[in-house]
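Down below is the structure, laid out as structure tokens.
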Amino acid sequence: MQSDPKLEQIEDLLIRAVLAGASEVLRVRRSGRLDTRLKTARELVTSADEQSDAAILAVLKREIAAIDPEISFHLEESGIHGSDSRKRVGADPIDGTNHFACGNLYAIQAHFVEDGIPQVGAILQPEVYLPLSESKAPVGRLAAAIRGRGATVRRTRFRGNAFHLGKERRLRIPELPDPSGYVACVPYSVKMAPEERETARRVHESGLVAVTTGAGGAAANVMMTIFGGQHVYANFGAGEDLDLIPPQVIAIEAGLTVWGANRRPPVWHVRKQPFIVAPSPEIAAKFLEAAGLGQ
């Protein structure tokens, strides 16, 4: 499928935005002053979140109107900018802040959505291969995708104050044997409503999950599903649009099945909904049936 040149411009912009945000994250990390606080009763925020948000916002404000003046944008910390629009860029300056505060399983991510349908996604994990605690030049990966065009991944290294990108390669999931039980992340957290936790509990008790896993926020969990470590990520309430839209595009273009409760790829006219990433429609259906959702 031939890609819309405007989507390619947006992908390039999102990549530069997450690189700018991640540079600030690593700068704050190097300083040793995260300045953690609770922004709500249950959500942690750090100075790295805020500095990353500001850097991403600066890139978007400077460049997005030249691509399409109708695009508004929504960032996790600074909120919505521009008028309500059917075209929106979203960004999460640190997805998995709790994990960032105690380790390296986090991501900086951004997306473009039109009429609720994800079109472009970019996810950067700056320390996933070699963390800053072990090297002055941490090594990570950058995954990106445009709907209908496929997904790519590049290795990253942060030297001095800039990211250096490795060779781009196509991202495709390997074929895996279908086991009797699945290695899966099914979140059960304080951010979930009681009925959402009950849904997750049904899956945990169904016998489908052989081993419970999990890594960072939604982006890290989808990357773990793509690159190995778990078969399934089934989020029944902890994730929201800014967390889940970028990995949705990348996972689908890498060859995974991404479903909501209606057994279709989620359309984001709401901020929060069930979200399953699995190797096949058959496996996704098993998890929905165990949860008591969708027929």
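Order determines the names: the first chain of the structure tokens is A, the second B, and so forth; residues in each chain are numbered 1 upward, and ligands are numbered 1 upward as they are shown.
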task = For stretch 254-265 of chain A, list every protein, DNA or RNA residue within 7 Å, evaluated using only C-alpha atoms, and leave out those in the same chain fewer than 6 positions away; present the list as a PyMOL selection string.
result = chain A and resi 150-151+171-173+248+274-281+288+293-294
Export of prior selection with C-alpha atoms as an mmCIF file, in the first residue's frame:
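The result, stored in part29.cif:
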```cif
data_model
loop_
_atom_site.group_PDB
_atom_site.id
_atom_site.type_symbol
_atom_site.label_atom_id
_atom_site.label_comp_id
_atom_site.auth_asym_id
_atom_site.auth_seq_id
_atom_site.Cartn_x
_atom_site.Cartn_y
_atom_site.Cartn_z
ATOM 1 C CA GLY A 150 4.351 -1.859 8.067
ATOM 2 C CA ALA A 151 6.440 -1.330 11.183
ATOM 3 C CA LEU A 171 9.530 -5.413 12.265
ATOM 4 C CA ARG A 172 7.719 -8.749 11.999
ATOM 5 C CA ILE A 173 6.815 -11.110 14.828
ATOM 6 C CA GLN A 248 -1.687 -0.430 18.571
ATOM 7 C CA PRO A 274 -10.332 -2.984 26.961
ATOM 8 C CA PHE A 275 -7.297 -3.771 24.827
ATOM 9 C CA ILE A 276 -5.830 -7.146 23.866
ATOM 10 C CA VAL A 277 -2.640 -7.841 21.911
ATOM 11 C CA ALA A 278 -2.210 -11.482 20.882
ATOM 12 C CA PRO A 279 -0.445 -13.570 18.218
ATOM 13 C CA SER A 280 -3.724 -14.461 16.474
ATOM 14 C CA PRO A 281 -7.470 -13.757 16.468
ATOM 15 C CA LEU A 288 -12.116 -12.218 25.678
ATOM 16 C CA LEU A 293 -16.444 -9.888 27.124
ATOM 17 C CA GLY A 294 -17.550 -9.857 23.488
#
```
task = Give the helix (DSSP H, G or I) residues of stretch 20-266 of chain A, as assigned by DSSP on the backbone, as a count of residues only.
result = 74
message = I need the residue nearest A:Glu24 from this list: A:Asn161, A:Gln273, A:Ser206, A:Thr225. Use only C-alpha atoms for the distance.
response = A:Asn161
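With distances restricted to only C-alpha atoms, A:Ile108 is the closest residue to A:Gly21 from A:Ile67, A:Arg37, A:Val232, A:Ile108.
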query = Can you tell me, as a PyMOL selection string, what residues are no more than 7 Å from A:Pro93 when counting only C-alpha atoms, ignoring any on the same chain fewer than 4 positions away?
reply = chain A and resi 21+49+52-53+76+108-109
Residues as selected, C-alpha atoms, written as a compact mmCIF listing (two decimals), in the first residue's frame, can you do that?
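Contents of result_4.txt, freshly written:
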```
# COMPACT_ATOMS: atom_id res chain seq x y z
CA GLY A 21 11.46 14.16 25.02
CA ASP A 49 7.82 13.64 32.85
CA SER A 52 9.92 15.53 28.43
CA ASP A 53 6.39 16.90 27.96
CA GLU A 76 -0.18 13.68 29.18
CA ILE A 108 8.38 7.85 25.40
CA GLN A 109 5.68 7.62 22.76
```
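Using only C-alpha atoms, the shortest contact distance between A:Ile245 and any of A:Arg170, A:Arg27, A:Arg157, A:Arg88 is found at A:Arg88.
Across A:Ala200, A:Ala48, A:Ala122, A:Ile64, the tightest approach to A:Ser23 is made by A:Ala48 when counting only C-alpha atoms.
In this model, the gap between atom CA of A:Lys87 and atom CA of A:Ala219 comes to 21.8 Å.
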